[in-house]
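Quick notes on the structure that follows.
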Amino acid sequence: MVCRENKARSTAIRLAKEMCKAQGYGVMHDRELQSAIHERQHHFDGAPEMTREEQVAMVKGLRQQIENDPSISEREKYRISHDQPGLITRLDEEIKRLETGKYIDRAGREHDLTDQQRNSGAQLQAIQYLGTMVPRGQAAKKTYFELNARHTGRSVDEVKAQWNAIMARKGQGRGNVGISLRDNWRDDLAVAGMSAQAQADIGQSKRARDALKEMEEQRLAVLARQPSRATIRPEHRRVYTPSGADGNIRCDQCGQFGHEQPACPNGDLVTKRRDLESEYHAAANALKAASVQRHLDSGAELTYLRPDGSEVTGDVARRLLEQDRDTFARGQSLTTVDEANKKLKSIANRDAELQNELNQRTGGSSSWVQEVAYNEESGLMMVTTQPRQRKDGLISPAKTYPYRVSKAEAEQILASPEIGRAISKTVMRRGNGTNNDEYRWENAADSQAAQVQQKCPTCGRWASMTSSHTCPVPGSDAADAEVTDRAELAIWRSQVRTARAAGLEPPAKPMARVNLVTQRQYRLPENGGMANVPPPRDVKAQLDGGKVAAASVNFRYPDATVTGQATIWRDESGVDVASPFKEAGGNGMRCTCGKFTSTGRCDHVASALQTMSGAYGTNYTGDTGLRPGVPIAERRKERTGDTAYDAPKIPIERMDYSRIQKLRFQRQGDHAQGLFEKQRRGEPINTPSVKPPKDEEGNRVAWPATFERSGKGGANSDRPTDLHDTSDVQYRLRAALFARTRTHYSVLRDKDGGMRITVPKARRGKDGTISQAERSRLAETLGIPAHQSRADGVYIPADTSWRHEMLSRAYGDNPPPLRAARYTVA
């Protein structure tokens with residue numbers, strides 16, 4: 001189990017840790033890597049042994065790669081120590097051991113190599129797999145840390161500290177190794193909130209599984225103490241009448257067809273209507289009492305008709321009328337006829353609302369769907385099938401299936417006149433090369449947690465503690481779920497494709513954005529400033545056409561200048577809204593004053609919005625989450641309500657765990673087969689290694705020492721930059737990004753020498769994260785994949801080739817003239 005006796009395996013562990021640090025994955029504990037190698041080698045049992053010459057060639061090749069890698073310090077390479085020797089020092093000792101078959105102990109005595117000090121074929125292949133296993137495992141761990149922190153009300157750093165403390169514990173001897181030759185133990189990792197992909201990647205060592213078990217017990221204990229309620233409540237249910245003879249069954253309680261009273265799902269509405277009936281009788285009697293009192297106060301001659309048909313007048317009539325009035329009032333204070341009529345009308349309206357809600361729960365008829373329940377808060381859709389008669393005459397009971405569905409698609413499904421067809425084409429589709437993975441919850445525990453809402457220990461709102469609930473956690477990558485215009489169009493296209501495949505009505509296209517750059521100059525009366533804004537008629541024309549007006553503005557005040565772009569649109573309620581924030585989809589408004597620089601808000605921007613409000617007839621907003629396509633009423637409900645809205649916007653692109661498991665086994669087999677082929681061809685098999693930087697033609701080049709861009713234009717392009725000078729690289733990155741985008745960015749360094757491009761503190765969240773819109777804009781500016789722009793920015797490893805590539809991208813040179821070095825597996 002302990003790999004320090006074998007210098008090749010201990011070097012592989014150290015190199016894997018360097019790889020984690022260089023790529024921004026954090027630190028991986030030695031015990032975790034040791035356990036992972038030991039366990040992985042059992043998956044390669046039976047592999048042919050490598051000859052001594054092949055092993056020497058492999059180690060020498062690895063030595064040369066490490067020697068050429070400038071990201072590893074000279075001290076880490078050549079340190080002389082018995083307990084913690086440098087990487088190359090270890091490999092030199094391994095080469096000597098392989099060539100002589102001997103090792104030298106601390107006392108200088110020579111001994112034959114032990115079994116622990118030799119490398120079997122299975123062990124060498126396990127080392128190969130580190131390059132694939134480590135990044136995926138670290139990413140999965142990061143996901144779990146955020147999950148655990150969110151569900152226990154802690155920060156990510158506190159969860160990491162607990163994990164590291166567990167990993168650092170000493171084992172209990174051989175019995176604690178617990179190597180699993182099957183994959184069944186991964187089923188225990190199917191916890192609520194963890195994705196199927198993370199389940200497949202995490203816990204690849206016994207140490208990790210032990211840590212997960214302990215932390216899971218703590219997480220579940222915290223959630224068990226939280227208040228809870230059912231996700232699906234009566235108002236979310238919709239019942240369908242079965243086709244055929246069963247459709248003639250009528251409920252004696254609610255009057256609907258398709259079910260009988262013991263199974264009636266509308267008991268809550270029936271109770272409300274029953275209570276309303278008693279209110280109606282009381283209001284009707286109050287109206288009678290008010291009518292009698294009005295007659296008594298009219299001053300007209302009083303006449304009273306007795307039950308036997310005789311009439312009386314005068315004081316006798318007054319006394320009898322007063323007795324009737326008191327009987328109708330039943331001790332309640334008298335009211336006017338108008339007030340009594342108003343009360344009766346209100347009760348009638350409420351009864352109509354209850355009847356309408358009851359009708360909405362009746363979804364029509366279906367041959368196989370009995371009930372569909374949907375809660376837009378968590379995106380949970382429960383589909384219950386009709387009981388059916390089997391061939392043997394027995395009745396199969398109704399079954400309920402949980403799915404995760406977006407609000408827009410759920411509305412389309414429920415509005416379909418053929419509910420069975422709509423469901424079979426979407427959430428239940430299967431066969432002919434299709435599956436319904438994107439509608440399924442991550443695992444059984446995730447599905448079970450979706451059916452219960454609890455008070456989240458982090459955000460304090462009602463939420464199903466599943467993989468869909470991602471409220472921000474201190475120190476995490478969780479960010480807001482707002483989307484850019486481009487992403488919104490992608491969502492709409494996905495919804496259209498799904499709707500057409502299911503035979504549903506496609507949703508409306510998002511509002512188009514029109515940039516208004518034509519300006520007129522106006523004098524500001526309040527302080528003598530000047531403003532350049534689009535004419536009101538141009539803005540009104542775009543709003544009347546159902547478009548978004550992106551108005552370029554320039555307000556010049558005596559002490560500051562406001563510039564940028566305001567986003568103006570018409571809400572579905574008919575209200576015109578103006579937003580100064582980038583989150584609304586435009587470039588946003590900014591000010592030159594110090595207050596805006598430090599807080600992102602100021603009086604000058606507020607004054608400019610107020611001026612625009614008077615000119616355009618708009619209402620300005622201070623909500624960064626409000627954008628075109630998001631109704632004000634819906635946003636207000638999300639902000640002021642005590643429930644989190646976690647339903648997905650579109651079907652989630654995911655793969656079921658069983659499919660991931662099969663692909664992983666296949667990938668592992670292909671990896672092993674590739675190594676066998678290399679061995680048969682006589683090619684050396686390398687451990688996780690570094691591919692040097694490459695030029696535009698793909699040729700390998702030396703690690704750069706300076707960055708030069710003479711003659712290409714841009715900020716500071718005419719002077720070279722020492723790539724080893726971290727401060728100068730930081731300055732030049734900031735200058736290049738500002739010159740291209742006219743937007744300020746921060747470049748922060750870490751203790752390992754890496755850097756992180758992010759936004760200034762005023763535009764970051766309280767937990768240091770940046771919004772999804774900022775992340776997308778930064779990724780687009782640098783020309784990198786969206787997933788590389790994380791919630792805490794874009795990471796640059798402590799490597800001169802990486803610094804060179806990112807400087808080129810900051811200047812807009814895409815593709816860059818030099819591609820950075822990459823860790824890989826041969």
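Every chain in the structure tokens has a letter given in the order shown (A, B, ...), and although residue numbers restart at 1 in each chain, ligands are simply numbered from 1 in the order shown.
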
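Excluding Arg404 of chain A itself and same-chain residues fewer than 5 positions from it, the residues having an atom within 10 Å of it are Tyr374, Asn375, Ser378, Gly379, Leu380, Met381, Met382, Ala410, Val427, Asp437, Glu438, Tyr439, Arg440, Trp441, Glu442, Ser447, Ala450, Ser468, Ala647, Pro648, Ile650, Pro651 and Ile652 of chain A, counting only C-alpha atoms.
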
- Message: List as a PyMOL selection string the protein and nucleic acid residues near segment 29-32 of chain A, meaning an atom at most 7 Å away when only C-alpha atoms are counted, but skip any in the same chain fewer than 3 places from it.
- Response: chain A and resi 35-36+167+205+207-208

Those residues with C-alpha atoms, as a PDB file, in the first residue's frame please?
```pdb
ATOM      1  CA  SER A  35      -4.936   3.862  -2.201  1.00  0.00           C
ATOM      2  CA  ALA A  36      -6.111   4.709  -5.707  1.00  0.00           C
ATOM      3  CA  MET A 167      -7.668  11.751   4.910  1.00  0.00           C
ATOM      4  CA  SER A 205      -9.870   5.024  -3.259  1.00  0.00           C
ATOM      5  CA  ARG A 207      -9.728   6.528   1.848  1.00  0.00           C
ATOM      6  CA  ALA A 208     -12.060   8.697  -0.168  1.00  0.00           C
TER       7      ALA A 208
END
```

- Query: Hey, what's within 12 Å of Glu357 of chain A if we count only C-alpha atoms and toss same-chain stuff fewer than 5 positions away? As number ranges by chain, please?
  - Reply: A: 234-239, 266, 268-270, 272-273, 350-352, 362-363

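One finds atom CA of Pro534 of chain A at 15.2 Å from atom CA of Arg556 of chain A.
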
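In terms of minimum interatomic distance to Cys20 of chain A, A:Ala798 ranks closest within A:Ala398, A:Met50, A:Ala798, A:Ala161, counting only C-alpha atoms.
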
- Item | Sel. of helix (DSSP H, G or I) residues, segment 576-650 of chain A, as JSON, numbers by chain | {"A": [582, 583, 584, 594, 595, 596, 597, 598, 599, 603, 604, 605, 606, 607, 608, 609, 610, 611, 612, 613, 614, 615, 616, 632, 633, 634, 635, 636, 637, 638, 639, 640]}

Between segment 314-399 of chain A and segment 288-304 of chain A, at 6 Å or less, what are the per-residue closest atom pairs and their distances in Å? Count only C-alpha atoms, order by chain and rising residue number, and return it as JSON lines.
```
{"residue": "A:Ala317", "atom": "CA", "partner": "A:Tyr304", "partner_atom": "CA", "distance": 5.0}
{"residue": "A:Arg325", "atom": "CA", "partner": "A:Ala289", "partner_atom": "CA", "distance": 4.7}
{"residue": "A:Phe328", "atom": "CA", "partner": "A:Ala289", "partner_atom": "CA", "distance": 5.3}
{"residue": "A:Ala329", "atom": "CA", "partner": "A:Ala289", "partner_atom": "CA", "distance": 5.7}
{"residue": "A:Thr335", "atom": "CA", "partner": "A:Ala290", "partner_atom": "CA", "distance": 5.9}
{"residue": "A:Thr336", "atom": "CA", "partner": "A:Ala290", "partner_atom": "CA", "distance": 5.5}
{"residue": "A:Val337", "atom": "CA", "partner": "A:Ala290", "partner_atom": "CA", "distance": 5.3}
```

- Task: Please report, as a PyMOL selection string, each residue of segment 369-570 of chain A to which DSSP assigns strand (DSSP E or B) when run on this structure's backbone.
- Result: chain A and resi 369-375+380-385+388-389+395-396+400-404+431+434+452-455+462-463+513-516+520-523+530-533+548-556+561-570

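Interatomic distance, atom CA of Arg430 of chain A to atom CA of Arg390 of chain A: 22.1 Å.
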
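One distance worth recording is that between atom CA of Cys264 of chain A and atom CA of Ala230 of chain A, which is 18.2 Å.
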
- Hey, what's within 10 Å of Arg306 of chain A if we count only C-alpha atoms and toss same-chain stuff fewer than 5 positions away? As a count of residues only, please? 4

- Task: Do a neighbour search on Val539 of chain A at 8 Å with only C-alpha atoms, toss out local chain neighbours closer than 3 positions, and write the hits as number ranges by chain.
- Result: A: 516, 534-536, 542-543, 549, 551, 616
